[in-house]
Amino acid sequence: MTSSSKASARAADAAVTPMMAQYLTLKEEAGDSLLFYRMGDFFELFFDDAKAAAATLDIALTSRGEHGGQPIPMCGVPVHSSEVYLARLIRAGHRVAIAEQIETPAQAKARGGKALVARAIVRHVTAGTLTEDSLLDARSDNMLVALARAGAGDAVEIGIAAVDISTGRFETLSAAPSHLSAELARLRASEIIIPHGADLPVEDAHMFDRNVFDSVRAEALLKQHFGVATLDGLGGFSRAEVAAMGGLIAYLDHAGKGKMPFLARPLRRAAGSHVAIDAATRESLEIVETMSGQRTGSLLGSVDRTLTAAGARLLAADLSAPLLDEGAIERRLGLVHHLHDQSGLREALRAALRALPDLGRALGRIAMGRGSPRDLGQLRDGLNEARMLRERLGAISAPPALLVDLLPALDGHGALVDTLARALVPSPPTETASGGYIADGYDAALDELRRLSGDGRRAIAALEARYREETGIASLKIRHNAVLGYHVEVSARHGDALMREGSGFTHRQTLAGVVRFNSVDLHEQATRVAQAGAHALAAEAAHLEELIDAVLARREAISAAAYTLARLDVAAALAERAAEGGWCRPHFVPGRCLDITAGRHPVVEDAVARQGAAFVANDCTLADEDRLWLITGPNMGGKSTFLRQNALIVILAQAGSFVPASAARLSLVDRLFSRVGASDNLARGRSTFMVEMVETAAILAQATPQSFVILDEVGRGTSTYDGLALAWAVVEAVHEMNQCRCLFATHYHELTRLAEKLDALSLHHVRAREWKGDLVLLHELAEGPADRSYGLAVARLAGVPPTVLARAKDVLARLEAGKAKTGGIAAGLDDLPLFAAAAPPPEPRRDPLREAVSAIDVDAMSPREALDILYRLRQIAAETMPG
């Protein structure tokens with residue numbers, strides 16, 4: 001049932017029950033969200049919500065009553081395990097509104113008669129507003145993004161505001177419409193909200209009240225939220241950025257029903273502060289996840305040695321947005337270098353980091369009103385460790401500049417840590433209903449209440465012993481439950497004895513096998529216990545609120561400490577990775593240089609090492625006079641790996657990491673483009689070739705002389721002549737128009753003739769050789785063009801049947817002969833016989849060396865015979881080795 005039809009349906013049904021009337025009212029408020037309607041120990045869903053939830057969760061769809069003469073579809077999930085079901089619904093793209101009971105049945109009854117328990121929506125749960133650990137990936141940010149458009153014509157800008165409410169990370173920037181997709185790909189938003197009716201080029205965005213995106217109203221919201229009289233102190237935001245931030249804050253207020261999360265002061269990313277990497281390039285290079293969406297196998301998965309969840313999130317953000325500020329890059333590199341060289345310091349730091357809790361997310365839960373004593377305990381332990389780290393790192397002689405700037409954020413938490421240490425038990429619980437999280441000795445009055453409660457329980461135990469002795473019933477017990485409270489329980493065969501007049505016991509309940517009673521003495525003792533316990537729980541709850549207020553008063557400082565610890569974790573992790581792999585510190589130079597000595601692909605090198613082999617390193621030297629490399633050679637020879645590894649080295653270097661090479665000198669790259677690999681987008685009506693051309697067009701339109709571009713097999717998706725013509729034109733355009741550093745891999749050998757015309761183009765190839773009909777891929781890069789494509793040899797490696805290979809060899813010979821004679825590529829095919837009439841494949845060739853080795857009886861040889869056979873094998877190898 002849609003929200004627009006609910007009011008009319010309710011009016012049309014005069015027999016609607018009070019409960020269903022309440023549900024329909026709440027459903028109108030919930031809008032397009034599924035409504036979790038609290039009924040006792042279950043969240044129930046009705047109508048279309050029930051159908052959608054039952055299908056997504058694979059749970060039973062039932063019915064309850066009728067509406068409009070039809071059964072009402074219904075399904076439900078237990079409250080105690082609702083987070084599991086919420087996670088599945090959110091992952092499936094649903095939004096959920098939580099309607100809780102906001103009064104007890106007793107309070108409802110006090111309002112008169114059989115009044116329905118009041119309910120209200122207390123929270124909207126969406127992909128971008130999650131804070132629960134069970135619903136989040138600890139090692140990934142969970143970004144909620146708001147967009148707003150301002151300006152007209154060529155002056156149009158799009159404001160982007162992004163927040164991870166689980167930690168308070170808040171950033172904003174403005175972008176031209178053409179750059180929007182690249183920024184959204186960097187942020188990997190879980191949820192995007194835009195003004196209702198906005199003309200913005202995004203898919204799957206949620207429309208929200210456009211009035212709150214008005215920049216004037218948004219500015220007032222921002223001032224109120226951050227408690228400032230002017231936004232100048234927060235940053236010089238554009239009108240579009242202010243509108244986006246205002247819309248974001250209004251949306252969070254709506255989702256939390258007035259309970260706002262902690263938001264750090266927004267960090268404004270200036271235009272050109274980080275390398276521009278579009279969505280296609282991110283996917284091609286598999287920076288933070290593979291094309292299948294996995295962390296393992298990505299650059300991040302290969303590099304990540306962080307020990308904290310916050311460090312892992314920060315490393316992913318760093319790799320997603322490599323810097324363009326050389327000073328900032330060098331500061332990061334300086335800290336990594338220091339920790340790389342000081343292995344003892346690095347090990348001590350990592351040992352301390354290993355025990356750290358996730359301070360940012362603990363603070364986020366507390367700020368949202370979903371915090372627990374356990375979260376306070378995590379802040380206590382984490383800030384205490386931060387205090388000790390401050391003392392240890394502050395004693396370093398000649399510390400790196402970044403470390404000097406970071407350490408003050410770890411100061412000033414001593415008073416809060418001491419308070420939390422005195423107030424909380426060593427391992428505070430998550431739940432508060434049973435108390436027990438405030439430590440003994442923190443509050444004398446609370447200690448006295450606990451003593452009274454304990455004395456009462458001991459008195460009840462003594463009363464149980466007395467009753468056994470007086471009644472002679474050895475099995476008599478005093479028990480407690482939520483309905484009866486404390487009561488005496490005996491077996492059914494002893495029940496009559498306690499029911500006699502004058503026994504001192506009052507009958508309460510008879511069940512199968514047991515009878516329950518009360519007594520005056522027990523009632524008095526139980527009242528004392530209950531009162532002391534209730535007062536103790538109230539006292540603990542009051543202390544919890546005080547501790548939470550103390551934490552929130554320092555939320556900005558705690559957030560800064562959490563960031564500092566994450567930054568230290570990232571630096572130590574990158575130093576650890578560099579030490580593991582023998583990576584080097586990159587050096588930045590002016591101009592358009594990319595000079596990599598013995599560079600390696602970090603992910604492929606890991607995979608090769610797991611197989612017990614060594615990765616073949618290669619050099620790459622691009623400069624003004626040699627900035628475009630045309631690379632030929634066989635498929636599987638390593639062209640794509642070489643292209644990608646140099647792009648990944650650029651990302652690592654500008655993110656502030658050491659790189660997998662023996663030496664690296666490079667100039668800053670402003671934009672990074674990759675057109676490697678084949679894919680289609682059939683949902684948008686794009687074939688593989690169309691996708692290739694769209695991506696190529698974007699590169700030609702946006703690459704600057706400071707950009708780095710890798711292109712692989714441009715033009716392969718169409719006819720030979722069309723593809724060759726396009727590839728030829730693209731090479732010329734990159735050389736003459738874009739003038740950027742570029743690695744261009746191709747199977748069109750005709751393109752090598754461009755080296756005669758284009759001054760900054762040089763020819764290179766991946767080495768391979770055929771021996772005895774087998775293709776040997778050397779994975780080495782050499783100067784000059786490849787002598788041929790080795791296509792048939794690769795096909796043989798792939799297992800193409802010998803008959804097909806023989807046929808292809810015959811066709812190839814005819815094509816080459818015809819082309820040499822007439823210049824036409826199809827010449828010589830007119831008299832080609834049918835495939836069925838083709839000659840059978842040749843007999844398998846002999847391999848004398850293999851035959852000689854197979855004939856050796858190792859167990860029967862003497863040492864002298866073994867030496868003789870070695871000389872013989874060497875002679876056979878020399879005779880059969882190709883010239």
# chains A, B, ... in the order shown; residues from 1 in each chain; ligands from 1
call {"tool": "residues_around", "arguments": {"residues": "Ser640 of chain A", "least_positions_apart": "3", "cutoff": "7 Å", "atoms": "only C-alpha atoms", "output": "list in words"}}
result
Leu643, Arg644 and Asp712 of chain A
call {"tool": "residues_around", "arguments": {"residues": "segment 390-400 of chain A", "least_positions_apart": "2", "cutoff": "12 Å", "atoms": "only C-alpha atoms", "output": "MDAnalysis selection string"}}
result
chainID A and resid 330:339 342 345:346 348:349 352 383:388 402:414 561 564:565 568 571
call {"tool": "write_last_selection", "arguments": {"atoms": "N, CA, C and O atoms", "output": "compact mmCIF listing (two decimals), in the first residue's frame"}}
result
# COMPACT_ATOMS: atom_id res chain seq x y z
N GLU A 330 55.49 15.27 1.28
CA GLU A 330 56.80 15.08 1.89
C GLU A 330 56.69 14.92 3.41
O GLU A 330 57.48 14.20 4.02
N ARG A 331 55.72 15.58 4.03
CA ARG A 331 55.54 15.44 5.47
C ARG A 331 55.10 14.01 5.80
O ARG A 331 55.58 13.41 6.77
N ARG A 332 54.20 13.47 5.01
CA ARG A 332 53.79 12.07 5.22
C ARG A 332 54.98 11.14 5.00
O ARG A 332 55.23 10.21 5.79
N LEU A 333 55.71 11.37 3.92
CA LEU A 333 56.86 10.51 3.60
C LEU A 333 57.92 10.60 4.69
O LEU A 333 58.59 9.61 5.00
N GLY A 334 58.09 11.80 5.26
CA GLY A 334 59.10 11.96 6.30
C GLY A 334 58.80 11.10 7.51
O GLY A 334 59.71 10.49 8.10
N LEU A 335 57.52 11.02 7.90
CA LEU A 335 57.15 10.18 9.05
C LEU A 335 57.31 8.71 8.71
O LEU A 335 57.81 7.91 9.52
N VAL A 336 56.89 8.31 7.51
CA VAL A 336 57.07 6.92 7.08
C VAL A 336 58.55 6.56 7.06
O VAL A 336 58.95 5.48 7.53
N HIS A 337 59.37 7.45 6.53
CA HIS A 337 60.81 7.21 6.43
C HIS A 337 61.42 7.01 7.82
O HIS A 337 62.23 6.10 8.05
N HIS A 338 61.04 7.87 8.76
CA HIS A 338 61.57 7.77 10.12
C HIS A 338 61.23 6.42 10.74
O HIS A 338 62.08 5.75 11.33
N LEU A 339 59.97 6.01 10.59
CA LEU A 339 59.54 4.73 11.17
C LEU A 339 60.13 3.55 10.41
O LEU A 339 60.33 2.47 10.98
N GLN A 342 63.74 3.38 11.79
CA GLN A 342 63.79 3.08 13.22
C GLN A 342 62.88 1.87 13.50
O GLN A 342 61.75 2.01 13.96
N LEU A 345 61.48 1.49 17.13
CA LEU A 345 60.39 2.43 17.42
C LEU A 345 59.12 1.98 16.72
O LEU A 345 58.02 2.03 17.29
N ARG A 346 59.26 1.55 15.46
CA ARG A 346 58.09 1.10 14.70
C ARG A 346 57.42 -0.09 15.38
O ARG A 346 56.19 -0.13 15.52
N ALA A 348 57.53 -0.95 18.55
CA ALA A 348 56.92 -0.53 19.82
C ALA A 348 55.61 0.21 19.56
O ALA A 348 54.60 0.00 20.26
N LEU A 349 55.62 1.07 18.54
CA LEU A 349 54.40 1.82 18.20
C LEU A 349 53.30 0.87 17.75
O LEU A 349 52.14 0.99 18.18
N ALA A 352 51.69 -0.97 20.58
CA ALA A 352 50.73 -0.14 21.32
C ALA A 352 49.44 0.04 20.53
O ALA A 352 48.33 -0.01 21.09
N LEU A 383 42.21 6.54 25.16
CA LEU A 383 42.84 7.81 25.51
C LEU A 383 43.99 7.61 26.48
O LEU A 383 44.97 8.37 26.47
N ASN A 384 43.88 6.60 27.33
CA ASN A 384 44.99 6.31 28.23
C ASN A 384 46.20 5.83 27.44
O ASN A 384 47.34 6.22 27.71
N GLU A 385 45.97 4.99 26.45
CA GLU A 385 47.08 4.53 25.60
C GLU A 385 47.65 5.70 24.81
O GLU A 385 48.87 5.79 24.60
N ALA A 386 46.77 6.60 24.38
CA ALA A 386 47.24 7.79 23.66
C ALA A 386 48.14 8.63 24.55
O ALA A 386 49.16 9.18 24.09
N ARG A 387 47.79 8.74 25.82
CA ARG A 387 48.61 9.51 26.76
C ARG A 387 50.00 8.89 26.90
O ARG A 387 51.01 9.60 26.89
N MET A 388 50.06 7.57 26.98
CA MET A 388 51.36 6.92 27.11
C MET A 388 52.17 7.02 25.81
O MET A 388 53.40 7.18 25.84
N LEU A 402 55.78 16.07 10.68
CA LEU A 402 54.39 15.66 10.83
C LEU A 402 54.13 15.13 12.23
O LEU A 402 53.07 15.40 12.82
N LEU A 403 55.07 14.40 12.78
CA LEU A 403 54.90 13.88 14.13
C LEU A 403 54.80 15.02 15.15
O LEU A 403 54.00 14.98 16.07
N VAL A 404 55.63 16.04 14.97
CA VAL A 404 55.58 17.21 15.87
C VAL A 404 54.20 17.84 15.84
O VAL A 404 53.67 18.25 16.89
N ASP A 405 53.61 17.92 14.67
CA ASP A 405 52.28 18.53 14.55
C ASP A 405 51.17 17.64 15.11
O ASP A 405 50.15 18.13 15.59
N LEU A 406 51.37 16.33 15.03
CA LEU A 406 50.31 15.40 15.46
C LEU A 406 50.24 15.24 16.97
O LEU A 406 49.15 15.13 17.54
N LEU A 407 51.38 15.21 17.63
CA LEU A 407 51.42 14.82 19.04
C LEU A 407 50.57 15.67 19.98
O LEU A 407 49.99 15.14 20.94
N PRO A 408 50.46 17.00 19.79
CA PRO A 408 49.64 17.78 20.72
C PRO A 408 48.20 17.31 20.84
O PRO A 408 47.56 17.51 21.87
N ALA A 409 47.66 16.65 19.81
CA ALA A 409 46.28 16.16 19.87
C ALA A 409 46.12 15.04 20.90
O ALA A 409 45.00 14.73 21.30
N LEU A 410 47.24 14.44 21.31
CA LEU A 410 47.17 13.37 22.31
C LEU A 410 47.28 13.93 23.73
O LEU A 410 47.18 13.16 24.70
N ASP A 411 47.47 15.24 23.86
CA ASP A 411 47.57 15.88 25.18
C ASP A 411 46.19 16.24 25.72
O ASP A 411 45.22 16.34 24.97
N GLY A 412 46.15 16.49 27.01
CA GLY A 412 44.98 17.13 27.62
C GLY A 412 43.81 16.22 27.95
O GLY A 412 42.73 16.70 28.31
N HIS A 413 44.00 14.90 27.83
CA HIS A 413 42.89 13.99 28.12
C HIS A 413 43.02 13.34 29.50
O HIS A 413 42.21 12.47 29.85
N GLY A 414 44.04 13.75 30.26
CA GLY A 414 44.31 13.07 31.53
C GLY A 414 43.16 13.12 32.51
O GLY A 414 42.82 12.10 33.13
N ALA A 561 42.24 13.33 18.60
CA ALA A 561 43.12 12.26 19.08
C ALA A 561 42.92 10.99 18.27
O ALA A 561 43.88 10.29 17.93
N THR A 564 44.70 11.37 15.02
CA THR A 564 46.15 11.27 15.19
C THR A 564 46.58 9.82 15.32
O THR A 564 47.57 9.38 14.70
N LEU A 565 45.86 9.05 16.11
CA LEU A 565 46.21 7.63 16.27
C LEU A 565 46.07 6.88 14.95
O LEU A 565 46.89 6.02 14.63
N LEU A 568 49.07 7.82 12.77
CA LEU A 568 50.26 7.10 13.22
C LEU A 568 50.21 5.64 12.76
O LEU A 568 51.23 5.06 12.35
N ALA A 571 51.07 5.53 9.01
CA ALA A 571 52.50 5.73 8.76
C ALA A 571 53.31 4.50 9.15
O ALA A 571 54.20 4.06 8.41
call {"tool": "residues_around", "arguments": {"residues": "Arg554 of chain A", "least_positions_apart": "4", "cutoff": "12 Å", "atoms": "only C-alpha atoms", "output": "list of chain:residue names"}}
result
A:Phe262, A:Ala264, A:Leu363, A:Ala367, A:Leu379, A:Leu383, A:Ala409, A:Gly412, A:His413, A:Gly414, A:Ala415, A:Leu416, A:Val417, A:Leu547, A:Ile548, A:Asp549, A:Ala550, A:Ile558, A:Ser559, A:Ala560, A:Ala561
call {"tool": "select_by_dssp", "arguments": {"residues": "segment 543-644 of chain A", "states": "strand (DSSP E or B)", "output": "PyMOL selection string"}}
result
chain A and resi 584+587-588+594-599+618-622+628-632
call {"tool": "select_by_dssp", "arguments": {"residues": "segment 277-344 of chain A", "states": "helix (DSSP H, G or I)", "output": "VMD selection string"}}
result
chain A and resid 279 to 285 299 to 303 309 to 320 326 to 341 343 to 344
call {"tool": "atom_distance", "arguments": {"atom1": "atom CA of Lys477 of chain A", "atom2": "atom CA of Ala512 of chain A"}}
result
16.4 Å
call {"tool": "residues_around", "arguments": {"residues": "Val650 of chain A", "least_positions_apart": "3", "cutoff": "9 Å", "atoms": "only C-alpha atoms", "output": "list in words"}}
result
Pro322, Leu594, Gln645, Asn646, Ala647, Ala653, Gln654, Ala655, Val659, Leu666, Leu668, Val669, Leu672 and Phe708 of chain A
call {"tool": "closest_residue", "arguments": {"among": "A:Met19, A:Ile596, A:Ala175, A:Ala110", "to": "Gly151 of chain A", "atoms": "only C-alpha atoms"}}
result
A:Ala175
call {"tool": "closest_residue", "arguments": {"among": "A:Ser491, A:Val303, A:Asp847, A:Val156", "to": "Ser238 of chain A", "atoms": "only C-alpha atoms"}}
result
A:Val156
